[in-house]
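Asker: Contents are mmCIF, C-alpha atoms; file name data.cif:
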```
data_coords
loop_
_atom_site.label_atom_id
_atom_site.label_comp_id
_atom_site.auth_asym_id
_atom_site.auth_seq_id
_atom_site.Cartn_x
_atom_site.Cartn_y
_atom_site.Cartn_z
CA MET Y 173 -4.83 38.19 11.67
CA ARG Y 174 -4.56 36.50 15.03
CA MET Y 175 -4.78 39.82 16.84
CA ALA Y 176 -8.01 40.83 15.13
CA ALA Y 177 -10.05 40.04 18.26
CA LEU Y 178 -7.75 42.21 20.35
CA ARG Y 179 -8.08 45.09 17.92
CA ARG Y 180 -11.86 44.74 17.82
CA LEU Y 181 -11.80 45.16 21.59
CA ALA Y 182 -10.33 48.61 21.06
CA ALA Y 183 -12.43 49.53 18.08
CA PRO Y 184 -14.44 52.49 19.46
CA SER Y 185 -14.16 55.85 17.73
CA PRO Y 186 -11.38 58.18 18.94
CA THR Y 187 -13.86 60.20 20.98
CA VAL Y 188 -15.37 57.16 22.67
CA GLY Y 189 -11.91 55.63 23.19
CA THR Y 190 -10.63 58.81 24.82
CA ALA Y 191 -13.70 58.93 27.06
CA LEU Y 192 -13.13 55.33 28.15
CA VAL Y 193 -9.49 56.00 29.01
CA VAL Y 194 -10.39 59.11 31.02
CA LEU Y 195 -13.21 57.24 32.76
CA GLY Y 196 -10.91 54.34 33.62
CA LEU Y 197 -8.27 56.61 35.06
CA GLY Y 198 -10.91 58.45 37.08
CA VAL Y 199 -12.37 55.24 38.50
CA CYS Y 200 -8.90 53.98 39.47
CA TRP Y 201 -8.07 57.30 41.16
CA ALA Y 202 -11.39 57.35 43.01
CA GLY Y 203 -10.78 53.78 44.17
CA ALA Y 204 -7.35 54.72 45.45
CA VAL Y 205 -8.73 57.73 47.33
CA VAL Y 206 -11.65 55.84 48.89
CA SER Y 207 -9.65 52.78 49.87
CA GLY Y 208 -6.52 54.60 50.93
CA GLN Y 209 -4.50 51.80 49.35
CA ALA Y 210 -2.69 53.67 46.60
CA LEU Y 211 0.61 52.16 47.73
CA GLN Y 212 -0.64 48.59 47.48
CA VAL Y 213 -3.10 46.72 45.23
CA THR Y 214 -5.16 49.66 43.95
CA ARG Y 215 -2.34 51.16 41.88
CA HIS Y 216 -2.25 48.07 39.66
CA TYR Y 217 -5.73 48.88 38.39
CA PHE Y 218 -4.22 51.85 36.53
CA TYR Y 219 -2.63 49.42 34.09
CA VAL Y 220 -6.08 48.72 32.59
CA PRO Y 221 -6.68 52.21 31.10
CA VAL Y 222 -2.98 52.51 30.18
CA VAL Y 223 -3.04 49.23 28.24
CA PHE Y 224 -6.36 50.15 26.66
CA ALA Y 225 -4.88 53.48 25.50
CA ALA Y 226 -1.88 51.63 24.05
CA ILE Y 227 -4.16 49.27 22.11
CA ARG Y 228 -6.49 51.97 20.85
CA PHE Y 229 -4.08 54.87 20.30
CA ARG Y 230 -0.75 53.03 20.28
CA VAL Y 231 2.46 54.68 21.57
CA ARG Y 232 1.25 58.27 21.78
CA GLY Y 233 -1.90 57.30 23.65
CA ALA Y 234 0.09 55.02 25.97
CA LEU Y 235 2.48 57.84 26.87
CA LEU Y 236 -0.31 60.28 27.69
CA ALA Y 237 -2.24 57.71 29.71
CA GLY Y 238 0.97 56.63 31.46
CA VAL Y 239 1.78 60.19 32.55
CA ALA Y 240 -1.79 60.70 33.77
CA ALA Y 241 -1.70 57.38 35.68
CA THR Y 242 1.63 58.34 37.25
CA LEU Y 243 0.18 61.58 38.65
CA LEU Y 244 -3.15 60.07 39.70
CA ALA Y 245 -1.53 57.09 41.43
CA GLY Y 246 1.12 59.22 43.14
CA PRO Y 247 1.16 62.88 44.18
CA LEU Y 248 -2.54 63.45 43.46
CA VAL Y 249 -3.69 60.72 45.88
CA PRO Y 250 -4.38 62.09 49.39
CA LEU Y 251 -3.15 59.60 51.98
CA PRO Y 252 -3.36 59.35 55.76
CA ALA Y 253 -0.53 61.05 57.63
CA ASP Y 254 1.13 57.75 58.53
CA GLN Y 255 1.38 56.79 54.83
CA ALA Y 256 2.03 60.19 53.23
CA ALA Y 257 5.76 59.99 53.84
CA LEU Y 258 5.92 56.75 51.84
CA ASN Y 259 4.38 58.35 48.76
CA ASN Y 260 7.60 60.16 47.79
CA LEU Y 261 9.22 60.91 44.43
CA ASP Y 262 11.09 57.62 44.26
CA VAL Y 263 7.96 55.57 44.86
CA TRP Y 264 5.62 57.15 42.36
CA GLY Y 265 8.50 57.81 39.93
CA THR Y 266 9.27 54.09 39.79
CA ARG Y 267 5.58 53.34 39.48
CA GLY Y 268 5.30 55.84 36.61
CA ALA Y 269 8.25 54.25 34.83
CA PHE Y 270 6.37 50.95 34.84
CA PHE Y 271 3.21 52.63 33.51
CA LEU Y 272 5.13 54.33 30.70
CA GLY Y 273 7.34 51.34 29.92
CA ILE Y 274 4.56 48.77 29.72
CA GLY Y 275 2.27 51.15 27.82
CA THR Y 276 4.98 52.02 25.30
CA PHE Y 277 5.88 48.34 24.82
CA ILE Y 278 2.28 47.39 24.07
CA GLY Y 279 1.95 50.46 21.82
CA LEU Y 280 4.96 49.33 19.79
CA ILE Y 281 3.50 45.85 19.52
CA MET Y 282 0.25 47.34 18.23
CA ASN Y 283 2.21 49.41 15.70
CA ALA Y 284 3.91 46.25 14.46
CA ILE Y 285 0.56 44.42 14.27
CA HIS Y 286 -1.00 47.33 12.37
CA THR Y 287 1.88 47.37 9.88
CA PHE Y 288 1.74 43.60 9.42
CA GLU Y 289 -2.01 43.63 8.88
CA ALA Y 290 -1.71 46.53 6.42
CA HIS Y 291 0.83 44.52 4.40
CA GLU Y 292 -1.38 41.45 4.62
CA ILE Y 293 -4.38 43.41 3.38
CA THR Y 294 -2.30 44.83 0.51
CA LEU Y 295 -1.15 41.33 -0.47
CA LEU Y 296 -4.71 40.04 -0.35
CA GLU Y 297 -5.88 42.93 -2.53
CA ARG Y 298 -3.07 42.28 -5.00
CA ARG Y 299 -3.91 38.59 -5.07
CA ALA Y 300 -7.57 39.38 -5.70
CA SER Y 301 -6.56 41.80 -8.45
CA LEU Y 302 -4.29 39.21 -10.08
CA GLU Y 303 -7.01 36.57 -9.90
CA SER Y 304 -9.46 39.00 -11.46
CA LYS Y 305 -7.00 39.84 -14.25
CA HIS Y 306 -6.34 36.12 -14.75
CA ARG Y 307 -10.04 35.42 -15.18
CA GLU Y 308 -10.40 38.40 -17.49
CA PHE Y 309 -7.40 37.28 -19.51
CA LEU Y 310 -8.81 33.79 -19.97
CA GLN Y 311 -12.19 35.22 -21.00
CA VAL Y 312 -10.67 37.65 -23.47
CA VAL Y 313 -8.22 35.14 -24.94
CA SER Y 314 -10.90 32.49 -25.35
CA HIS Y 315 -13.16 35.00 -27.08
CA GLU Y 316 -10.43 36.47 -29.29
CA LEU Y 317 -9.00 33.09 -30.30
CA ARG Y 318 -12.43 31.63 -30.98
CA THR Y 319 -13.22 34.23 -33.65
CA PRO Y 320 -10.33 33.55 -36.08
CA LEU Y 321 -10.36 29.82 -35.33
CA THR Y 322 -14.06 29.65 -36.16
CA SER Y 323 -13.39 31.42 -39.44
CA ILE Y 324 -10.48 29.12 -40.30
CA VAL Y 325 -12.52 26.00 -39.50
CA GLY Y 326 -15.44 27.33 -41.54
CA ILE Y 327 -13.22 27.95 -44.57
CA ALA Y 328 -11.66 24.49 -44.24
CA ASN Y 329 -15.14 22.94 -44.16
CA THR Y 330 -16.11 24.96 -47.23
CA TYR Y 331 -13.12 23.61 -49.17
CA ARG Y 332 -13.94 20.09 -48.00
CA ASP Y 333 -17.66 20.23 -48.83
CA HIS Y 334 -17.41 22.13 -52.11
CA GLN Y 335 -15.05 20.44 -54.50
CA VAL Y 336 -15.76 22.93 -57.28
CA LEU Y 337 -15.26 26.64 -56.53
CA ASP Y 338 -14.79 29.41 -59.05
CA THR Y 339 -11.83 31.75 -59.01
CA GLY Y 340 -13.69 34.56 -57.26
CA GLN Y 341 -14.90 32.29 -54.47
CA ARG Y 342 -11.45 30.87 -53.93
CA ARG Y 343 -9.92 34.36 -53.88
CA ASN Y 344 -12.40 35.52 -51.23
CA LEU Y 345 -11.92 32.41 -49.13
CA ASP Y 346 -8.13 32.67 -49.38
CA ALA Y 347 -8.22 36.35 -48.36
CA SER Y 348 -10.48 35.55 -45.40
CA LEU Y 349 -8.26 32.63 -44.41
CA LEU Y 350 -5.16 34.83 -44.55
CA ARG Y 351 -6.80 37.56 -42.45
CA SER Y 352 -7.88 35.06 -39.80
CA ALA Y 353 -4.47 33.38 -39.72
CA ARG Y 354 -2.69 36.73 -39.39
CA ARG Y 355 -5.05 37.82 -36.63
CA LEU Y 356 -4.38 34.60 -34.78
CA GLN Y 357 -0.64 34.98 -35.32
CA ALA Y 358 -0.70 38.59 -34.06
CA MET Y 359 -2.46 37.59 -30.83
CA VAL Y 360 -0.02 34.76 -30.17
CA GLU Y 361 2.96 37.02 -30.88
CA SER Y 362 1.56 39.79 -28.66
CA THR Y 363 1.20 37.39 -25.75
CA LEU Y 364 4.72 36.00 -26.21
CA THR Y 365 6.20 39.45 -26.80
CA ALA Y 366 4.77 40.78 -23.53
CA GLY Y 367 7.39 38.74 -21.67
CA GLY Y 368 10.24 39.90 -23.87
CA VAL Y 369 9.98 43.55 -22.88
CA PHE Y 370 11.50 42.71 -19.50
CA GLU Y 371 14.73 41.47 -21.07
CA THR Y 372 17.76 43.77 -21.04
CA PRO Y 373 17.91 45.39 -24.48
CA VAL Y 374 21.03 45.02 -26.62
CA GLN Y 375 21.42 48.27 -28.54
CA HIS Y 376 23.25 48.83 -31.81
CA PRO Y 377 22.84 51.02 -34.91
CA ILE Y 378 19.66 50.41 -36.87
CA ASP Y 379 17.63 52.18 -39.57
CA VAL Y 380 14.40 53.50 -38.09
CA ASP Y 381 12.69 53.60 -41.49
CA VAL Y 382 13.46 49.92 -42.06
CA ILE Y 383 11.83 48.93 -38.75
CA ILE Y 384 8.78 51.07 -39.46
CA THR Y 385 8.44 49.61 -42.97
CA GLU Y 386 8.62 46.06 -41.59
CA VAL Y 387 5.92 46.83 -39.00
CA ILE Y 388 3.63 48.53 -41.52
CA ASP Y 389 3.96 45.60 -43.95
CA GLY Y 390 2.75 43.28 -41.20
CA LEU Y 391 -0.38 45.26 -40.34
CA ASP Y 392 -2.71 42.92 -42.24
CA GLY Y 393 -3.71 45.25 -45.05
CA MET Y 394 -4.00 48.38 -42.90
CA GLY Y 395 -0.53 49.74 -43.66
CA HIS Y 396 -1.84 51.99 -46.45
CA ARG Y 397 -3.61 54.06 -43.78
CA VAL Y 398 -0.30 55.09 -42.18
CA ALA Y 399 1.28 58.32 -43.41
CA VAL Y 400 4.98 58.31 -42.46
CA ASP Y 401 7.23 61.36 -42.33
CA LEU Y 402 10.78 60.66 -41.14
CA HIS Y 403 12.98 63.73 -41.34
CA GLY Y 404 16.09 65.04 -39.68
CA GLY Y 405 18.75 63.57 -41.96
CA ASP Y 406 20.35 60.26 -41.06
CA GLY Y 407 17.68 57.77 -39.99
CA ARG Y 408 20.11 55.45 -38.22
CA ILE Y 409 20.05 55.50 -34.43
CA VAL Y 410 21.49 53.33 -31.68
CA THR Y 411 18.74 51.34 -30.03
CA SER Y 412 17.27 47.83 -29.71
CA ARG Y 413 15.63 46.46 -32.84
CA PRO Y 414 13.15 44.14 -31.01
CA HIS Y 415 12.14 46.83 -28.51
CA LEU Y 416 11.65 49.47 -31.19
CA ARG Y 417 9.49 47.02 -33.16
CA MET Y 418 7.37 46.44 -30.06
CA ILE Y 419 6.90 50.17 -29.60
CA VAL Y 420 6.02 50.96 -33.21
CA HIS Y 421 3.72 47.95 -33.62
CA GLY Y 422 1.89 48.50 -30.33
CA LEU Y 423 1.23 52.18 -30.95
CA LEU Y 424 0.34 51.83 -34.64
CA ASP Y 425 -1.98 48.91 -33.98
CA ASN Y 426 -3.73 50.87 -31.23
CA ALA Y 427 -4.03 54.01 -33.38
CA LEU Y 428 -5.44 52.11 -36.36
CA LYS Y 429 -8.03 50.33 -34.22
CA PHE Y 430 -9.52 53.54 -32.91
CA SER Y 431 -9.29 55.66 -36.07
CA PRO Y 432 -12.04 55.69 -38.72
CA ASP Y 433 -11.20 53.52 -41.73
CA ASP Y 434 -11.25 56.51 -44.07
CA ARG Y 435 -8.80 58.62 -42.07
CA PRO Y 436 -5.01 58.20 -41.95
CA VAL Y 437 -2.74 57.75 -38.96
CA HIS Y 438 0.26 60.09 -39.07
CA MET Y 439 3.70 59.01 -37.90
CA VAL Y 440 6.53 61.53 -37.60
CA GLY Y 441 10.09 60.78 -36.52
CA ALA Y 442 12.84 63.32 -35.86
CA ARG Y 443 15.88 64.03 -33.74
CA ASP Y 444 15.52 66.58 -30.97
CA ARG Y 445 18.42 67.66 -28.73
CA GLY Y 446 20.11 64.32 -28.32
CA THR Y 447 16.89 62.29 -28.40
CA TYR Y 448 14.82 60.62 -31.08
CA VAL Y 449 11.13 61.51 -30.94
CA LEU Y 450 8.50 59.37 -32.61
CA THR Y 451 4.98 60.82 -32.75
CA ILE Y 452 1.88 58.90 -33.82
CA THR Y 453 -1.37 60.84 -34.24
CA ASP Y 454 -4.71 59.19 -34.88
CA GLN Y 455 -8.14 60.69 -35.56
CA GLY Y 456 -10.10 58.56 -33.13
CA PRO Y 457 -12.41 59.48 -30.25
CA GLY Y 458 -9.61 60.28 -27.79
CA ILE Y 459 -8.88 58.77 -24.40
CA PRO Y 460 -11.86 58.32 -22.03
CA PRO Y 461 -11.15 60.04 -18.68
CA GLU Y 462 -11.93 56.87 -16.71
CA PHE Y 463 -9.36 54.96 -18.79
CA ARG Y 464 -6.38 57.30 -18.28
CA ASP Y 465 -5.17 55.81 -15.00
CA ARG Y 466 -4.98 52.28 -16.37
CA MET Y 467 -4.28 52.68 -20.09
CA PHE Y 468 -0.78 51.14 -19.73
CA GLU Y 469 -1.96 48.13 -17.74
CA PRO Y 470 -1.86 44.70 -19.45
CA PHE Y 471 -5.03 43.17 -20.91
CA THR Y 472 -6.81 46.53 -20.65
CA GLN Y 473 -8.86 48.43 -23.20
CA ALA Y 474 -11.20 51.40 -22.98
CA ASP Y 475 -13.93 48.90 -23.83
CA GLY Y 476 -13.38 46.43 -20.99
CA SER Y 477 -16.10 43.96 -21.94
CA VAL Y 478 -15.23 40.47 -23.08
CA THR Y 479 -16.71 41.13 -26.52
CA ARG Y 480 -14.56 44.18 -27.17
CA GLU Y 481 -15.61 46.24 -30.14
CA HIS Y 482 -12.07 46.67 -31.46
CA GLY Y 483 -10.74 43.23 -30.59
CA GLY Y 484 -7.25 42.40 -29.40
CA LEU Y 485 -5.85 41.34 -26.05
CA GLY Y 486 -5.20 44.82 -24.68
CA LEU Y 487 -1.41 44.35 -24.70
CA GLY Y 488 -0.33 46.95 -27.27
CA LEU Y 489 0.08 49.96 -24.99
CA TYR Y 490 1.45 47.82 -22.17
CA VAL Y 491 4.16 46.30 -24.37
CA ALA Y 492 5.00 49.70 -25.90
CA SER Y 493 5.31 51.36 -22.50
CA LYS Y 494 7.50 48.61 -21.03
CA ALA Y 495 9.73 48.52 -24.12
CA THR Y 496 10.13 52.32 -23.97
CA GLU Y 497 10.97 52.11 -20.28
CA ALA Y 498 13.57 49.41 -20.96
CA LEU Y 499 15.28 51.74 -23.46
CA GLY Y 500 15.33 54.56 -20.91
CA GLY Y 501 12.76 56.62 -22.80
CA THR Y 502 9.32 58.07 -22.10
CA LEU Y 503 5.91 57.40 -23.61
CA THR Y 504 2.98 59.78 -23.29
CA LEU Y 505 -0.56 59.73 -24.66
CA ASP Y 506 -2.51 62.97 -24.95
CA ASP Y 507 -5.63 64.22 -26.68
CA ASP Y 508 -5.55 66.93 -29.30
CA ALA Y 509 -8.14 68.53 -31.56
CA GLU Y 510 -8.18 65.55 -33.94
CA GLY Y 511 -7.68 62.46 -31.77
CA THR Y 512 -4.88 60.97 -29.67
CA VAL Y 513 -1.16 61.75 -29.88
CA ALA Y 514 1.33 59.11 -28.74
CA ARG Y 515 4.82 60.51 -28.25
CA VAL Y 516 7.88 58.32 -27.67
CA THR Y 517 11.15 60.00 -26.69
CA LEU Y 518 14.25 57.79 -26.81
CA PRO Y 519 17.72 58.77 -25.63
CA GLN Y 520 20.13 58.00 -28.46
CA GLN Y 521 23.28 58.82 -30.28
CA ARG Y 522 23.89 58.75 -33.98
CA ALA Y 523 25.00 55.41 -35.33
CA GLY Y 524 28.33 56.92 -36.38
CA ASP Y 525 29.11 57.92 -32.79
CA ARG Y 526 29.97 54.31 -31.94
CA GLU Y 527 33.29 53.65 -33.61
CA GLY Y 528 33.69 50.26 -35.13
CA ASP Y 529 30.05 49.29 -34.58
CA THR Y 530 28.40 48.80 -37.99
CA ARG Y 531 25.90 46.10 -37.16
CA ASP Y 532 22.33 46.55 -38.37
#
```
Before anything else, please render the file you have as structure tokens.

Answerer:
Amino acid sequence: MRMAALRRLAAPSPTVGTALVVLGLGVCWAGAVVSGQALQVTRHYFYVPVVFAAIRFRVRGALLAGVAATLLAGPLVPLPADQAALNNLDVWGTRGAFFLGIGTFIGLIMNAIHTFEAHEITLLERRASLESKHREFLQVVSHELRTPLTSIVGIANTYRDHQVLDTGQRRNLDASLLRSARRLQAMVESTLTAGGVFETPVQHPIDVDVIITEVIDGLDGMGHRVAVDLHGGDGRIVTSRPHLRMIVHGLLDNALKFSPDDRPVHMVGARDRGTYVLTITDQGPGIPPEFRDRMFEPFTQADGSVTREHGGLGLGLYVASKATEALGGTLTLDDDAEGTVARVTLPQQRAGDREGDTRD
């Protein structure tokens, strides 16, 4: 921002700036009239208000001030009889061309400076936003990783310090160890998966119900809360297996987190006019209004504190949205009477429409 000092010079409000330009033009005209030297040095003083107008109001202001300076420094200046003949159209026309040309040139420079500074400010804001998200990510990851790791270390210490444990104690410790290990694995996979959604998807025929079953089986004991209804005949569609897994896992994980433990999450899949529509409905509290504009941003949850109530890295919706976008589909989240409805619409063709392609 090397031109910041120059811009601060022309920082008055539009009203004050206009008044200064008018005052400058008036003073220059009065000086020309009093001195009778409009054809010599005095006319150069008109460049001051013209340049000021270019700096403050850029090209438009420079043009208006240039026209005014042309009239005030030419036909509107009364001159003695011996000089009046010299103040003809050619003289003040040439003078006006200089006023307009120099003013416009400076106005264009100021436009370029303004555009450059606007881009610089945008880049600085983006950098600050990225740094903020980086700090938030480190805080969240350190907190989320610490919880399962602490549990795993505690269980390992228990096995080391207590040589004799009954069957019930071992079963409880093993279940706790498995939950912590799966939670840790899910966070690592979510972080690694977030980069995979930007890869170009390779699409081929797959069974939707198989993908959904695989995802539900990996939900760490919460799969029984998912009620699945896949209808519409043949469940094979042409799409990307990894991307569909990202979508289903991200949306189911999010729905289960925000639904009461005693209420199911409903998943419905069906064909609709050349598309495949997957709808997931939870019975949670809905989407907070202040969260709507950023619900698909990475590392974001409705509870933005480091010690988030529902845990996780805030990547589920981000990964699901990017994977849907990569497949050319749409993802929407809306509230209904019971909770939140996530609707994924994927363009597709039946698996049998691709001759000779039987891969699964």

Asker: Can you list, as a list in words, the residues that the PyMOL selection byres ((chain Y and resi 198) around 12) selects here?

Answerer: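 Applied to this file, the PyMOL selection byres ((chain Y and resi 198) around 12) returns Ala191, Leu192, Val193, Val194, Leu195, Gly196, Leu197, Val199, Cys200, Trp201, Ala202, Gly203, Ala204, Val205, Tyr217, Phe218, Val220, Pro221, Ala237, Ala240, Ala241, Leu243, Leu244, Ala245, Leu248 and Val249 of chain Y.
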
Asker: Which residue gives the smallest distance to Phe430 of chain Y among Y:Gln341, Y:Thr453, Y:Thr447, Y:Ser412, with only C-alpha atoms counted?

Answerer: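 Of the candidates, the smallest distance to Phe430 of chain Y is held by Y:Thr453.
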
Asker: Give me, please, the distance in Å between atom CA of Val188 of chain Y and atom CA of Trp264 of chain Y, quoted to one decimal.

Answerer: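 One can read the atom CA of Val188 of chain Y to atom CA of Trp264 of chain Y distance as 28.8 Å.
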
Asker: Could you state the separation of atom CA of Leu450 of chain Y and atom CA of Glu469 of chain Y in Å, given to one decimal place?

Answerer: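 A separation of 21.4 Å between them.
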
Asker: What's the 10 Å shell around Thr512 of chain Y, counting only C-alpha atoms, without same-chain residues fewer than 2 positions away, as a count of residues only?

Answerer: 19

Asker: Measuring between all atoms listed in the file, which one of Y:His438, Y:His286, Y:Arg318, Y:Arg307 shows the shortest distance to Asp401 of chain Y?

Answerer: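 Ranking Y:His438, Y:His286, Y:Arg318, Y:Arg307 by distance to Asp401 of chain Y, first place goes to Y:His438.
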
Asker: Would you please work out which residue, of Y:Arg351, Y:Met394, Y:Gly501, Y:Gly511, is nearest to His415 of chain Y when using only C-alpha atoms?

Answerer: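 Closest candidate: Y:Gly501.
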
Asker: So that I can check the surroundings of Ala399 of chain Y, please list as a list in words every protein, DNA and RNA residue that reaches within 12 Å of it, counting only C-alpha atoms and ignoring chain neighbours fewer than 4 positions away.

Answerer: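 Counting only C-alpha atoms, the residues come to Ile384, Thr385, Ile388, Met394, Gly395, Leu424, Leu428, Arg435, Pro436, Val437, His438, Met439, Val440, Gly441, Thr451, Ile452, Thr453 and Asp454 of chain Y.
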
Asker: Give me the residues near Leu272 of chain Y as an MDAnalysis selection string, where near means some atom within 8 Å (using all atoms listed in the file) and where sequence neighbours in that chain fewer than 6 positions away do not count.

Answerer: chainID Y and resid 234:235 238:239

Asker: For Thr517 of chain Y, list every protein, DNA or RNA residue within 6 Å, evaluated using all atoms listed in the file, and leave out those in the same chain fewer than 6 positions away; present the list as a VMD selection string.

Answerer: chain Y and resid 448 to 449 501 to 502

Asker: For Val410 of chain Y, which residue among Y:Lys305, Y:Arg267, Y:His396, Y:His376 is the nearest when counting all atoms listed in the file?

Answerer: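 That would be Y:His376, the residue with the smallest distance to Val410 of chain Y.
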
Asker: Between atom CA of Gly268 of chain Y and atom CA of Thr187 of chain Y, measure the distance and give it in Å to one decimal.

Answerer: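 Distance between the two atoms: 25.1 Å.
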
Asker: Tell me, as a list in words, which residues lie within 10 Å of Leu280 of chain Y, counting all atoms listed in the file; anything in the same chain fewer than 5 positions away does not count.

Answerer: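 Those residues are Ala226, Ile227, Arg230, Val231, Arg232, Ala234, Ile274, Gly275, Ile285 and His286 of chain Y.
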
Asker: Of the residues Y:Leu321, Y:Val380, Y:Ala495, Y:Val336, which is the one nearest to Ser352 of chain Y, using all atoms listed in the file?

Answerer: Y:Leu321

Asker: Using only C-alpha atoms, pick whichever of Y:Ala290, Y:Pro373, Y:Gln520, Y:Val223 has the shortest atom-to-atom distance to Thr276 of chain Y.

Answerer: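 For Thr276 of chain Y, the nearest of the candidates is Y:Val223.
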
Asker: Box time for segment 223-241 of chain Y: axis-aligned, enclosing all its listed atoms, 3 Å extra on each side; report centre and edge lengths in Å to one decimal, as JSON.

Answerer:
```
{"center_x": -2.0, "center_y": 55.0, "center_z": 28.0, "size_x": 15.0, "size_y": 17.5, "size_z": 21.4}
```
